[in-house]
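A.B. asks: Here you go, coords-v5.tsv (TSV, C-alpha atoms and all ligand atoms):
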chain	number	residue	atom	x	y	z
A	895	MET	CA	-43.41	58.92	-55.26
A	896	SER	CA	-42.51	57.80	-51.81
A	897	GLU	CA	-39.20	57.18	-53.53
A	898	THR	CA	-38.59	60.93	-53.72
A	899	ALA	CA	-39.25	61.39	-50.04
A	900	GLU	CA	-37.05	58.45	-49.19
A	901	THR	CA	-34.22	59.59	-51.36
A	902	LEU	CA	-34.28	63.06	-49.91
A	903	ALA	CA	-34.23	62.01	-46.31
A	904	PRO	CA	-30.57	60.98	-45.94
A	905	ALA	CA	-29.35	64.09	-47.70
A	906	GLN	CA	-31.45	66.25	-45.40
A	907	ALA	CA	-30.21	64.44	-42.34
A	908	GLU	CA	-26.73	64.86	-43.61
A	909	LYS	CA	-27.20	68.56	-44.16
A	910	LYS	CA	-28.41	69.00	-40.62
A	911	ARG	CA	-25.34	67.24	-39.28
A	912	GLU	CA	-23.18	69.33	-41.43
A	913	SER	CA	-24.15	72.80	-40.37
A	914	PRO	CA	-20.61	74.03	-39.87
A	915	SER	CA	-20.74	76.01	-36.66
A	916	GLU	CA	-22.75	74.11	-34.09
A	917	GLY	CA	-23.55	70.59	-33.16
A	918	ASP	CA	-22.00	67.25	-33.82
A	919	PRO	CA	-19.46	67.46	-36.63
A	920	GLY	CA	-20.34	63.89	-37.67
A	921	PHE	CA	-16.93	62.30	-37.11
A	922	LEU	CA	-16.45	58.59	-36.44
A	923	TRP	CA	-14.26	58.13	-33.39
A	924	ASP	CA	-12.40	55.00	-32.31
A	925	PHE	CA	-10.77	54.28	-35.65
A	926	TRP	CA	-7.29	54.65	-37.10
A	927	TYR	CA	-6.66	57.69	-39.29
A	928	PRO	CA	-3.47	58.61	-41.17
A	929	ALA	CA	-2.02	61.78	-39.62
A	930	LEU	CA	1.02	62.35	-41.81
A	931	ARG	CA	3.70	60.61	-43.87
A	932	SER	CA	6.41	58.69	-42.01
A	933	GLY	CA	9.13	60.85	-43.56
A	934	GLU	CA	7.73	63.96	-41.90
A	935	ILE	CA	8.95	62.87	-38.47
A	936	ARG	CA	12.72	62.66	-38.43
A	937	GLY	CA	15.33	63.06	-35.73
A	938	GLU	CA	14.17	65.24	-32.87
A	939	LYS	CA	11.78	67.25	-34.99
A	940	LEU	CA	8.19	67.65	-33.78
A	941	ALA	CA	5.48	67.78	-36.42
A	942	LYS	CA	1.94	69.07	-36.16
A	943	ALA	CA	-1.20	67.53	-37.59
A	944	MET	CA	-4.92	67.78	-37.03
A	945	LEU	CA	-7.40	64.90	-37.04
A	946	LEU	CA	-11.10	65.23	-36.27
A	947	GLU	CA	-10.45	68.78	-35.05
A	948	ILE	CA	-7.94	67.52	-32.47
A	949	PRO	CA	-4.54	69.21	-32.75
A	950	LEU	CA	-1.72	66.68	-32.53
A	951	VAL	CA	2.02	66.83	-32.10
A	952	LEU	CA	3.90	63.88	-33.52
A	953	GLY	CA	7.47	62.73	-33.43
A	954	ARG	CA	9.75	59.74	-33.33
A	955	THR	CA	11.64	58.52	-30.26
A	956	ARG	CA	15.36	57.80	-30.31
A	957	GLU	CA	14.39	54.12	-30.71
A	958	GLY	CA	12.43	55.00	-33.85
A	959	LYS	CA	8.92	54.63	-32.45
A	960	ALA	CA	6.34	57.12	-33.68
A	961	PHE	CA	4.19	58.87	-31.07
A	962	ALA	CA	1.21	61.22	-31.09
A	963	MET	CA	0.24	63.56	-28.27
A	964	ARG	CA	-2.52	66.12	-28.06
A	965	ASP	CA	-0.81	69.37	-29.02
A	966	SER	CA	-1.76	71.07	-25.78
A	967	CYS	CA	0.06	71.25	-22.47
A	968	PRO	CA	-2.21	70.05	-19.63
A	969	HIS	CA	-0.89	72.95	-17.51
A	970	ARG	CA	-1.96	76.04	-19.49
A	971	GLY	CA	-2.81	74.68	-22.92
A	972	ILE	CA	0.11	76.06	-24.92
A	973	PRO	CA	0.84	73.75	-27.86
A	974	LEU	CA	3.53	71.25	-26.92
A	975	SER	CA	4.83	71.54	-30.49
A	976	TYR	CA	6.49	74.84	-29.40
A	977	GLY	CA	8.51	72.82	-26.90
A	978	ARG	CA	11.66	70.74	-27.19
A	979	PHE	CA	12.02	67.05	-27.79
A	980	ASP	CA	15.12	65.16	-26.69
A	981	GLY	CA	14.33	61.78	-28.21
A	982	THR	CA	12.38	60.56	-25.16
A	983	THR	CA	10.51	63.42	-23.53
A	984	VAL	CA	8.75	66.55	-24.75
A	985	GLU	CA	9.47	69.67	-22.72
A	986	CYS	CA	6.81	72.39	-22.66
A	987	SER	CA	8.08	75.79	-23.77
A	988	TYR	CA	6.19	77.69	-21.02
A	989	HIS	CA	7.19	76.25	-17.61
A	990	GLY	CA	9.30	73.33	-18.72
A	991	TRP	CA	7.09	70.45	-17.64
A	992	ARG	CA	8.40	67.32	-19.30
A	993	PHE	CA	6.28	64.45	-20.62
A	994	ASP	CA	7.23	60.97	-21.74
A	995	ALA	CA	6.43	61.10	-25.47
A	996	CYS	CA	4.97	57.58	-25.73
A	997	SER	CA	2.77	57.52	-22.63
A	998	GLY	CA	2.09	61.21	-22.04
A	999	HIS	CA	3.22	60.68	-18.44
A	1000	CYS	CA	4.61	63.81	-16.77
A	1001	VAL	CA	8.15	63.13	-15.58
A	1002	GLU	CA	9.20	66.54	-14.30
A	1003	ILE	CA	7.68	69.81	-13.05
A	1004	PRO	CA	10.71	72.08	-12.56
A	1005	SER	CA	8.93	74.57	-10.25
A	1006	LEU	CA	8.14	71.98	-7.56
A	1007	THR	CA	10.11	72.14	-4.32
A	1008	SER	CA	10.68	69.21	-1.97
A	1009	GLN	CA	7.77	70.59	0.12
A	1010	ASP	CA	5.22	70.25	-2.71
A	1011	LYS	CA	2.79	67.37	-2.50
A	1012	LEU	CA	1.69	67.26	-6.16
A	1013	LYS	CA	2.36	63.81	-7.57
A	1014	VAL	CA	4.10	64.41	-10.89
A	1015	GLU	CA	3.36	60.88	-12.10
A	1016	ARG	CA	-0.39	61.56	-11.80
A	1017	VAL	CA	-0.17	64.31	-14.44
A	1018	PHE	CA	-0.71	63.30	-18.07
A	1019	ALA	CA	-0.60	65.00	-21.41
A	1020	GLY	CA	-3.19	63.72	-23.87
A	1021	HIS	CA	-1.77	60.98	-26.07
A	1022	PHE	CA	-3.04	58.58	-28.71
A	1023	PRO	CA	-1.99	55.12	-29.96
A	1024	CYS	CA	0.26	55.46	-32.97
A	1025	GLN	CA	1.43	52.94	-35.61
A	1026	GLU	CA	3.29	53.20	-38.90
A	1027	ARG	CA	2.08	51.36	-42.01
A	1028	ASP	CA	2.71	51.81	-45.72
A	1029	GLY	CA	4.63	55.02	-45.13
A	1030	TYR	CA	1.97	56.72	-42.97
A	1031	VAL	CA	1.80	57.51	-39.29
A	1032	TRP	CA	-1.65	56.32	-38.16
A	1033	VAL	CA	-3.28	57.61	-35.02
A	1034	TYR	CA	-6.10	55.84	-33.20
A	1035	MET	CA	-8.57	58.60	-32.42
A	1036	ASN	CA	-10.51	57.60	-29.37
A	1037	ALA	CA	-13.35	59.92	-28.51
A	1038	PRO	CA	-12.48	62.76	-26.16
A	1039	GLY	CA	-13.31	61.95	-22.57
A	1040	THR	CA	-13.49	58.18	-23.15
A	1041	ARG	CA	-11.10	55.44	-22.14
A	1042	LEU	CA	-9.14	53.52	-24.72
A	1043	PRO	CA	-10.63	50.05	-25.30
A	1044	GLU	CA	-8.60	47.13	-23.85
A	1045	THR	CA	-7.63	45.95	-27.29
A	1046	ILE	CA	-7.53	47.94	-30.46
A	1047	PRO	CA	-7.16	46.46	-33.96
A	1048	PRO	CA	-3.90	46.99	-35.87
A	1049	ALA	CA	-3.78	49.97	-38.22
A	1050	PRO	CA	-4.86	49.18	-41.82
A	1051	ALA	CA	-2.21	47.75	-44.15
A	1052	LEU	CA	-2.24	47.81	-47.95
A	1053	ALA	CA	-2.65	44.34	-49.50
A	1054	THR	CA	0.34	43.29	-51.64
A	1055	PHE	CA	0.76	40.04	-53.57
A	1056	SER	CA	4.45	39.54	-54.35
A	1057	GLU	CA	7.84	40.14	-52.74
A	1058	GLU	CA	8.78	42.90	-55.14
A	1059	TYR	CA	6.61	45.80	-56.07
A	1060	LYS	CA	6.55	49.53	-56.63
A	1061	ILE	CA	4.71	51.81	-54.26
A	1062	THR	CA	3.77	55.47	-54.37
A	1063	HIS	CA	1.73	57.97	-52.37
A	1064	LEU	CA	-0.38	60.96	-53.32
A	1065	SER	CA	-2.58	63.27	-51.33
A	1066	CYS	CA	-4.88	66.23	-51.76
A	1067	ASP	CA	-6.99	68.45	-49.53
A	1068	LEU	CA	-10.71	68.86	-50.08
A	1069	PRO	CA	-12.58	71.86	-48.63
A	1070	SER	CA	-15.44	69.54	-47.73
A	1071	HIS	CA	-17.14	67.76	-44.92
A	1072	ILE	CA	-15.96	64.15	-44.61
A	1073	ASP	CA	-19.33	62.81	-45.84
A	1074	HIS	CA	-19.06	64.70	-49.13
A	1075	GLY	CA	-15.46	63.58	-49.50
A	1076	ILE	CA	-16.50	59.96	-49.10
A	1077	ILE	CA	-19.59	59.93	-51.26
A	1078	GLY	CA	-17.55	61.72	-53.90
A	1079	LEU	CA	-14.91	59.00	-53.68
A	1080	MET	CA	-17.47	56.19	-54.01
A	1081	ASP	CA	-19.60	57.96	-56.62
A	1082	PRO	CA	-19.92	55.88	-59.79
A	1083	ALA	CA	-21.61	58.45	-62.03
A	1084	HIS	CA	-19.17	61.37	-62.17
A	1085	GLY	CA	-16.48	59.54	-64.17
A	1086	PRO	CA	-17.49	60.55	-67.69
A	1087	PHE	CA	-17.86	64.22	-66.67
A	1088	VAL	CA	-15.09	64.82	-64.16
A	1089	HIS	CA	-12.45	62.34	-65.34
A	1090	GLN	CA	-12.37	62.94	-69.07
A	1091	SER	CA	-8.79	62.39	-70.20
A	1092	TRP	CA	-7.30	61.10	-73.39
A	1093	PHE	CA	-5.64	58.28	-71.45
A	1094	TRP	CA	-8.71	57.26	-69.53
A	1095	ARG	CA	-11.97	57.82	-71.33
A	1096	SER	CA	-14.13	60.35	-73.11
A	1097	ARG	CA	-17.63	61.36	-72.05
A	1098	HIS	CA	-19.00	59.72	-75.18
A	1099	SER	CA	-17.97	56.32	-73.92
A	1100	ILE	CA	-20.83	56.45	-71.38
A	1101	HIS	CA	-22.75	53.18	-71.34
A	1102	ASP	CA	-25.01	51.00	-69.21
A	1103	LYS	CA	-23.32	49.36	-66.27
A	1104	GLU	CA	-24.45	46.61	-64.00
A	1105	LYS	CA	-22.42	45.72	-60.92
A	1106	ARG	CA	-23.01	43.32	-58.08
A	1107	PHE	CA	-22.45	44.55	-54.56
A	1108	GLU	CA	-22.27	42.50	-51.41
A	1109	PRO	CA	-22.17	43.35	-47.72
A	1110	ILE	CA	-18.86	42.99	-45.87
A	1111	PRO	CA	-18.18	43.87	-42.23
A	1112	TYR	CA	-18.48	47.66	-41.80
A	1113	GLY	CA	-18.87	48.16	-45.53
A	1114	PHE	CA	-19.71	46.89	-48.98
A	1115	ARG	CA	-17.88	45.29	-51.87
A	1116	MET	CA	-18.25	45.69	-55.58
A	1117	SER	CA	-17.89	41.98	-56.33
A	1118	PRO	CA	-14.94	40.85	-58.47
A	1119	HIS	CA	-15.71	41.74	-62.06
A	1120	SER	CA	-14.02	42.54	-65.34
A	1121	PRO	CA	-13.43	46.27	-65.37
A	1122	SER	CA	-15.02	48.69	-67.73
A	1123	SER	CA	-14.15	48.05	-71.36
A	1124	ASN	CA	-13.88	51.83	-71.94
A	1125	SER	CA	-10.72	52.29	-69.90
A	1126	ALA	CA	-7.45	51.99	-71.79
A	1127	PRO	CA	-5.15	50.82	-68.94
A	1128	TYR	CA	-7.24	47.69	-68.35
A	1129	GLN	CA	-7.07	46.87	-72.04
A	1130	LEU	CA	-3.31	47.15	-71.88
A	1131	LEU	CA	-3.07	44.87	-68.86
A	1132	LYS	CA	-5.12	42.26	-70.63
A	1133	LYS	CA	-2.80	42.40	-73.66
A	1134	MET	CA	0.25	41.99	-71.41
A	1135	THR	CA	-0.87	38.83	-69.63
A	1136	GLY	CA	-3.24	37.41	-72.19
A	1137	GLU	CA	-5.51	36.69	-69.25
A	1138	GLY	CA	-8.67	38.24	-67.96
A	1139	VAL	CA	-8.63	41.21	-65.63
A	1140	THR	CA	-10.66	41.26	-62.44
A	1141	THR	CA	-11.11	44.10	-60.07
A	1142	THR	CA	-12.65	44.25	-56.59
A	1143	ILE	CA	-13.50	47.48	-54.83
A	1144	ASP	CA	-14.35	47.66	-51.13
A	1145	PHE	CA	-15.61	50.48	-49.02
A	1146	VAL	CA	-15.03	50.04	-45.30
A	1147	LEU	CA	-15.90	52.42	-42.46
A	1148	PRO	CA	-14.75	54.86	-41.43
A	1149	ASN	CA	-13.15	56.02	-44.68
A	1150	LEU	CA	-11.36	53.35	-46.70
A	1151	ARG	CA	-11.70	52.60	-50.40
A	1152	LEU	CA	-9.65	49.54	-51.31
A	1153	GLU	CA	-9.13	48.34	-54.85
A	1154	GLU	CA	-7.41	45.23	-56.14
A	1155	ILE	CA	-6.80	44.44	-59.78
A	1156	HIS	CA	-5.45	41.08	-60.87
A	1157	SER	CA	-4.52	39.70	-64.26
A	1158	GLY	CA	-2.50	36.50	-64.28
A	1159	ARG	CA	0.59	37.16	-62.13
A	1160	LEU	CA	0.21	40.90	-62.37
A	1161	TRP	CA	-1.52	42.89	-59.67
A	1162	PHE	CA	-2.29	46.42	-58.66
A	1163	SER	CA	-3.53	47.36	-55.22
A	1164	SER	CA	-4.59	50.75	-53.92
A	1165	ARG	CA	-6.12	52.39	-50.91
A	1166	ALA	CA	-7.70	55.80	-50.66
A	1167	THR	CA	-8.70	57.20	-47.31
A	1168	VAL	CA	-10.67	60.38	-46.77
A	1169	THR	CA	-9.65	61.74	-43.41
A	1170	PRO	CA	-11.53	64.45	-41.55
A	1171	VAL	CA	-9.19	67.25	-40.52
A	1172	ARG	CA	-11.92	69.69	-39.54
A	1173	ARG	CA	-15.63	69.64	-40.26
A	1174	ASP	CA	-14.98	71.77	-43.35
A	1175	LEU	CA	-11.75	70.14	-44.48
A	1176	CYS	CA	-10.73	66.62	-45.31
A	1177	ARG	CA	-7.75	65.03	-47.02
A	1178	ILE	CA	-7.47	62.17	-49.48
A	1179	ASP	CA	-4.42	59.99	-48.93
A	1180	PHE	CA	-3.86	57.62	-51.79
A	1181	VAL	CA	-1.31	54.81	-51.81
A	1182	ALA	CA	-0.86	52.37	-54.67
A	1183	ALA	CA	1.41	49.36	-55.16
A	1184	TRP	CA	1.89	47.15	-58.23
A	1185	ASN	CA	4.21	44.60	-59.79
A	1186	VAL	CA	3.63	45.63	-63.39
A	1187	LYS	CA	7.22	46.29	-64.55
A	1188	LEU	CA	6.13	48.35	-67.52
A	1189	LEU	CA	4.43	50.91	-65.30
A	1190	PRO	CA	7.08	53.27	-63.87
A	1191	VAL	CA	6.25	55.25	-60.72
A	1192	PRO	CA	6.63	58.72	-62.34
A	1193	VAL	CA	4.23	57.80	-65.13
A	1194	PHE	CA	1.67	56.48	-62.67
A	1195	ARG	CA	2.02	59.63	-60.58
A	1196	ILE	CA	1.20	61.86	-63.54
A	1197	PHE	CA	-2.04	59.97	-64.11
A	1198	GLY	CA	-2.85	59.73	-60.41
A	1199	LYS	CA	-2.31	63.45	-59.87
A	1200	THR	CA	-4.51	64.29	-62.84
A	1201	PHE	CA	-7.31	62.19	-61.35
A	1202	LEU	CA	-7.00	63.66	-57.89
A	1203	ARG	CA	-6.87	67.19	-59.24
A	1204	GLN	CA	-10.05	66.58	-61.21
A	1205	ASP	CA	-11.83	65.38	-58.06
A	1206	GLN	CA	-10.38	68.23	-56.03
A	1207	ARG	CA	-11.55	70.87	-58.49
A	1208	THR	CA	-15.04	69.38	-58.39
A	1209	MET	CA	-15.12	69.40	-54.59
A	1210	VAL	CA	-13.93	73.01	-54.48
A	1211	GLN	CA	-16.76	73.95	-56.83
A	1212	GLN	CA	-19.26	71.90	-54.82
A	1213	ALA	CA	-18.19	73.61	-51.58
A	1214	GLU	CA	-19.02	76.93	-53.24
A	1215	GLY	CA	-22.59	75.71	-53.79
A	1216	LEU	CA	-22.98	74.08	-50.39
A	1217	LYS	CA	-22.30	77.37	-48.61
A	1218	HIS	CA	-25.87	78.31	-49.41
A	1219	ASN	CA	-27.37	75.18	-47.79
A	1220	PRO	CA	-29.11	73.81	-50.87
A	1221	LYS	CA	-31.49	70.86	-50.70
A	1222	LEU	CA	-29.72	67.74	-51.91
A	1223	MET	CA	-30.86	64.46	-53.46
A	1224	LEU	CA	-29.71	60.89	-53.47
A	1225	ILE	CA	-31.09	58.92	-56.41
A	1226	ASP	CA	-31.29	55.24	-57.27
A	1227	ASP	CA	-29.17	53.33	-58.30
A	1228	ALA	CA	-26.20	55.60	-58.87
A	1229	ASP	CA	-26.35	57.06	-55.35
A	1230	ARG	CA	-27.04	53.79	-53.59
A	1231	PRO	CA	-23.42	53.47	-52.35
A	1232	ALA	CA	-23.82	56.92	-50.75
A	1233	LYS	CA	-27.01	55.74	-49.04
A	1234	TRP	CA	-25.22	52.64	-47.76
A	1235	TYR	CA	-22.46	54.83	-46.39
A	1236	PHE	CA	-24.91	56.99	-44.42
A	1237	ALA	CA	-26.77	53.90	-43.20
A	1238	LEU	CA	-23.56	52.12	-42.16
A	1239	LYS	CA	-22.48	55.17	-40.25
A	1240	ALA	CA	-25.84	55.59	-38.52
A	1241	ASN	CA	-26.08	51.89	-37.67
A	1242	LEU	CA	-22.56	51.85	-36.25
A	1243	LEU	CA	-23.33	54.82	-34.00
A	1244	GLU	CA	-26.57	53.16	-32.96
A	1245	SER	CA	-24.83	49.89	-32.08
A	1246	ARG	CA	-22.23	51.77	-30.07
A	1247	ARG	CA	-25.00	53.60	-28.24
A	1248	THR	CA	-27.03	50.48	-27.44
A	1249	GLY	CA	-24.20	47.96	-27.12
A	1250	GLU	CA	-26.05	45.69	-29.55
A	1251	ALA	CA	-24.56	44.12	-32.66
A	1252	MET	CA	-24.35	46.44	-35.65
A	1253	ARG	CA	-27.12	45.95	-38.18
A	1254	HIS	CA	-25.89	45.90	-41.77
A	1255	PRO	CA	-28.00	48.04	-44.11
A	1256	MET	CA	-27.75	45.40	-46.90
A	1257	ASP	CA	-29.63	42.10	-46.55
A	1258	GLY	CA	-27.47	40.37	-49.13
A	1259	PRO	CA	-25.94	40.87	-52.57
A	1260	VAL	CA	-27.67	43.33	-54.86
A	1261	THR	CA	-27.15	44.39	-58.45
A	1262	LEU	CA	-27.07	48.09	-59.23
A	1263	ARG	CA	-27.51	49.57	-62.68
A	1264	TRP	CA	-26.43	52.99	-63.88
A	1265	ARG	CA	-24.84	54.64	-66.88
A	1266	SER	CA	-21.32	55.97	-66.72
A	1301	LIG	S1	1.93	75.57	-19.88
A	1301	LIG	FE1	3.15	73.88	-20.21
A	1301	LIG	S2	4.37	73.79	-18.47
A	1301	LIG	FE2	3.05	75.43	-18.06
A	1302	FE	FE	-13.38	60.83	-58.96
For the file at hand, write its structure as structure tokens.
Ligand code: FES
Ligand SMILES: [Fe+2]

C.D. replies:
Amino acid sequence: MSETAETLAPAQAEKKRESPSEGDPGFLWDFWYPALRSGEIRGEKLAKAMLLEIPLVLGRTREGKAFAMRDSCPHRGIPLSYGRFDGTTVECSYHGWRFDACSGHCVEIPSLTSQDKLKVERVFAGHFPCQERDGYVWVYMNAPGTRLPETIPPAPALATFSEEYKITHLSCDLPSHIDHGIIGLMDPAHGPFVHQSWFWRSRHSIHDKEKRFEPIPYGFRMSPHSPSSNSAPYQLLKKMTGEGVTTTIDFVLPNLRLEEIHSGRLWFSSRATVTPVRRDLCRIDFVAAWNVKLLPVPVFRIFGKTFLRQDQRTMVQQAEGLKHNPKLMLIDDADRPAKWYFALKANLLESRRTGEAMRHPMDGPVTLRWRS
């Protein structure tokens, strides 16, 4: 009975956080987030993006380095993306102030006379660390009004296991708060209902599952296991190598789902991130790489798109229901990953607040059971 109360609590807390207009939008700052695809910044073109409700202008210097600035001139706030970029500096369209694209440093204020005392080099446009990995431009979103830490970790990179491989990217927008995007991504029980496809599985293949999970830094891992016997692609892989198939799935804060599948020499690796754009909009970016020769990129993309579209349709429908602020539930064991996510997030914020080490919500490995 206390179970009911306990299971309701996180959902309630979450709902409070999520009330769209006021309050804390529930974002996790001081992490890398993918802003756009590398190919979207070419030549002297400026591109716009939004992460965690911060408008960004991105581009690439003449030397090929990607940069990200706050899309707002520090003078009067006009978006810098209306300005001009010459390969080194961004010139504001309003009064022509120029900023070094990589540092945000102001290098020229055309209206100043030799009499003026304003120190141009003391003026900065907002800017963020920027790195390219796996075909994405990642931006390190440090919290507004805070200093960048001395050292920041490198942006995430997709694990690959041979010299040669194929790689492809997919993305889709979800009209959802980041938390719903993530618990939807990690949700083990929607498969038979949302992802019914001839090539994947039918809803009648639902059966008991038992998976071991273990704590990892900032997240949890579904321990290496042989994947579901009701999914055709795994069966095929097994036939090709004649060896067992193992898969490992990690969730890591703030928003990464990492999956590795191995069978003999063959491997498949993927990463899905759910990135908050605004409090009512997030985006899934999915990248997959593999060395299975028999799996051509276009074929994989057809399957991948079908999957994403199924999830997207569900999230659109869910958003329709959430408008009316319903009470929500998290049940055992199928919603345990969602509970871990909320606890990880809360414990991280708490450790940042107190300066103490982050407490992991899991004491050790646990086995969860559900039907899907
Ligand atoms: S608003 Fe940008 S230079 Fe004045
Ligand atoms: Fe799904």

A.B. asks: Return as a compact mmCIF listing (two decimals) with C-alpha atoms, in the frame of the given file every polymer residue, whether protein, DNA or RNA, with at least one atom no more than 10 Å from an atom of ligand LIG 1301 (chain A); count all atoms listed in the file.

C.D. replies:
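Result written to pocket.txt:
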# COMPACT_ATOMS: atom_id res chain seq x y z
CA SER A 966 -1.76 71.07 -25.78
CA CYS A 967 0.06 71.25 -22.47
CA PRO A 968 -2.21 70.05 -19.63
CA HIS A 969 -0.89 72.95 -17.51
CA ARG A 970 -1.96 76.04 -19.49
CA GLY A 971 -2.81 74.68 -22.92
CA ILE A 972 0.11 76.06 -24.92
CA PRO A 973 0.84 73.75 -27.86
CA LEU A 974 3.53 71.25 -26.92
CA TYR A 976 6.49 74.84 -29.40
CA GLY A 977 8.51 72.82 -26.90
CA GLU A 985 9.47 69.67 -22.72
CA CYS A 986 6.81 72.39 -22.66
CA SER A 987 8.08 75.79 -23.77
CA TYR A 988 6.19 77.69 -21.02
CA HIS A 989 7.19 76.25 -17.61
CA GLY A 990 9.30 73.33 -18.72
CA TRP A 991 7.09 70.45 -17.64
CA ARG A 992 8.40 67.32 -19.30
CA PHE A 993 6.28 64.45 -20.62
CA GLU A 1002 9.20 66.54 -14.30
CA ILE A 1003 7.68 69.81 -13.05
CA PRO A 1004 10.71 72.08 -12.56
CA SER A 1005 8.93 74.57 -10.25
CA ALA A 1019 -0.60 65.00 -21.41

A.B. asks: Which residue out of A:His1084, A:Lys1011, A:His1021, A:Arg1016 has the minimum interatomic distance to ligand FE 1302 (chain A) when all atoms listed in the file are used?

C.D. replies: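 Ranked by minimum distance to ligand FE 1302 (chain A), first place goes to A:His1084.
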
A.B. asks: Give the residues close to ligand FE 1302 (chain A), within 10 Å, counting only C-alpha atoms and all ligand atoms; write them as a list in words.

C.D. replies: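 Listing the residues within 10 Å of ligand FE 1302 (chain A) gives Ile1077, Gly1078, Leu1079, Met1080, Asp1081, Pro1082, Ala1083, His1084, Gly1085, Pro1086, Phe1087, Val1088, His1089, Phe1201, Leu1202, Arg1203, Gln1204, Asp1205, Gln1206, Thr1208 and Met1209 of chain A.
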
A.B. asks: Can those selected residues be exported to a file as a PDB file, keeping the file's coordinate frame so that it contains C-alpha atoms?

C.D. replies:
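Dumped everything to out.pdb:
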ATOM      1  CA  ILE A1077     -19.590  59.930 -51.260  1.00  0.00           C
ATOM      2  CA  GLY A1078     -17.550  61.720 -53.900  1.00  0.00           C
ATOM      3  CA  LEU A1079     -14.910  59.000 -53.680  1.00  0.00           C
ATOM      4  CA  MET A1080     -17.470  56.190 -54.010  1.00  0.00           C
ATOM      5  CA  ASP A1081     -19.600  57.960 -56.620  1.00  0.00           C
ATOM      6  CA  PRO A1082     -19.920  55.880 -59.790  1.00  0.00           C
ATOM      7  CA  ALA A1083     -21.610  58.450 -62.030  1.00  0.00           C
ATOM      8  CA  HIS A1084     -19.170  61.370 -62.170  1.00  0.00           C
ATOM      9  CA  GLY A1085     -16.480  59.540 -64.170  1.00  0.00           C
ATOM     10  CA  PRO A1086     -17.490  60.550 -67.690  1.00  0.00           C
ATOM     11  CA  PHE A1087     -17.860  64.220 -66.670  1.00  0.00           C
ATOM     12  CA  VAL A1088     -15.090  64.820 -64.160  1.00  0.00           C
ATOM     13  CA  HIS A1089     -12.450  62.340 -65.340  1.00  0.00           C
ATOM     14  CA  PHE A1201      -7.310  62.190 -61.350  1.00  0.00           C
ATOM     15  CA  LEU A1202      -7.000  63.660 -57.890  1.00  0.00           C
ATOM     16  CA  ARG A1203      -6.870  67.190 -59.240  1.00  0.00           C
ATOM     17  CA  GLN A1204     -10.050  66.580 -61.210  1.00  0.00           C
ATOM     18  CA  ASP A1205     -11.830  65.380 -58.060  1.00  0.00           C
ATOM     19  CA  GLN A1206     -10.380  68.230 -56.030  1.00  0.00           C
ATOM     20  CA  THR A1208     -15.040  69.380 -58.390  1.00  0.00           C
ATOM     21  CA  MET A1209     -15.120  69.400 -54.590  1.00  0.00           C
TER      22      MET A1209
END

A.B. asks: Write out as a list in words each polymer residue whose atoms come within 12 Å of Glu1137 of chain A, counting only C-alpha atoms; drop sequence neighbours fewer than 6 positions from it.

C.D. replies: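 Within the cut-off, the hits are Ser1120, Tyr1128, Gln1129, Leu1130, Leu1131, His1156, Ser1157, Gly1158, Arg1159 and Leu1160 of chain A.
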
A.B. asks: For segment 1103-1108 of chain A, please output as number ranges by chain all residues within 8 Å (counting only C-alpha atoms; exclusion window: fewer than 6 positions along the same chain).

C.D. replies: A: 1114-1117, 1119, 1256, 1258-1266

A.B. asks: Distance cut-off 10 Å, centre (-3.3, 48.8, -48.9) in file coordinates, counting only C-alpha atoms: which residues qualify? Return them as a ChimeraX atom specification.

C.D. replies: /A:1027-1028,1050-1054,1150-1154,1163-1166,1180-1183

A.B. asks: Any chance you could export the current selection's C-alpha atoms as a PDB file, in the frame of the given file?

C.D. replies:
ATOM      1  CA  ARG A1027       2.080  51.360 -42.010  1.00  0.00           C
ATOM      2  CA  ASP A1028       2.710  51.810 -45.720  1.00  0.00           C
ATOM      3  CA  PRO A1050      -4.860  49.180 -41.820  1.00  0.00           C
ATOM      4  CA  ALA A1051      -2.210  47.750 -44.150  1.00  0.00           C
ATOM      5  CA  LEU A1052      -2.240  47.810 -47.950  1.00  0.00           C
ATOM      6  CA  ALA A1053      -2.650  44.340 -49.500  1.00  0.00           C
ATOM      7  CA  THR A1054       0.340  43.290 -51.640  1.00  0.00           C
ATOM      8  CA  LEU A1150     -11.360  53.350 -46.700  1.00  0.00           C
ATOM      9  CA  ARG A1151     -11.700  52.600 -50.400  1.00  0.00           C
ATOM     10  CA  LEU A1152      -9.650  49.540 -51.310  1.00  0.00           C
ATOM     11  CA  GLU A1153      -9.130  48.340 -54.850  1.00  0.00           C
ATOM     12  CA  GLU A1154      -7.410  45.230 -56.140  1.00  0.00           C
ATOM     13  CA  SER A1163      -3.530  47.360 -55.220  1.00  0.00           C
ATOM     14  CA  SER A1164      -4.590  50.750 -53.920  1.00  0.00           C
ATOM     15  CA  ARG A1165      -6.120  52.390 -50.910  1.00  0.00           C
ATOM     16  CA  ALA A1166      -7.700  55.800 -50.660  1.00  0.00           C
ATOM     17  CA  PHE A1180      -3.860  57.620 -51.790  1.00  0.00           C
ATOM     18  CA  VAL A1181      -1.310  54.810 -51.810  1.00  0.00           C
ATOM     19  CA  ALA A1182      -0.860  52.370 -54.670  1.00  0.00           C
ATOM     20  CA  ALA A1183       1.410  49.360 -55.160  1.00  0.00           C
TER      21      ALA A1183
END

A.B. asks: Between A:Ala1251, A:Ala995, A:Ala941, A:Met1134, which is the closest to Leu1188 of chain A once you count only C-alpha atoms?

C.D. replies: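 The closest residue to Leu1188 of chain A is A:Met1134.
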
A.B. asks: What is the distance, in Å and to one decimal place, between atom CA of Leu950 of chain A and atom CA of Met963 of chain A?

C.D. replies: 5.6 Å

A.B. asks: Quick one: residues within 12 Å of Ile1076 of chain A, only C-alpha atoms, excluding same-chain residues fewer than 5 positions away - as a PyMOL selection string?

C.D. replies: chain A and resi 1068+1070-1071+1081-1082+1145-1151+1166-1170+1176-1178+1205+1209+1231-1236+1239
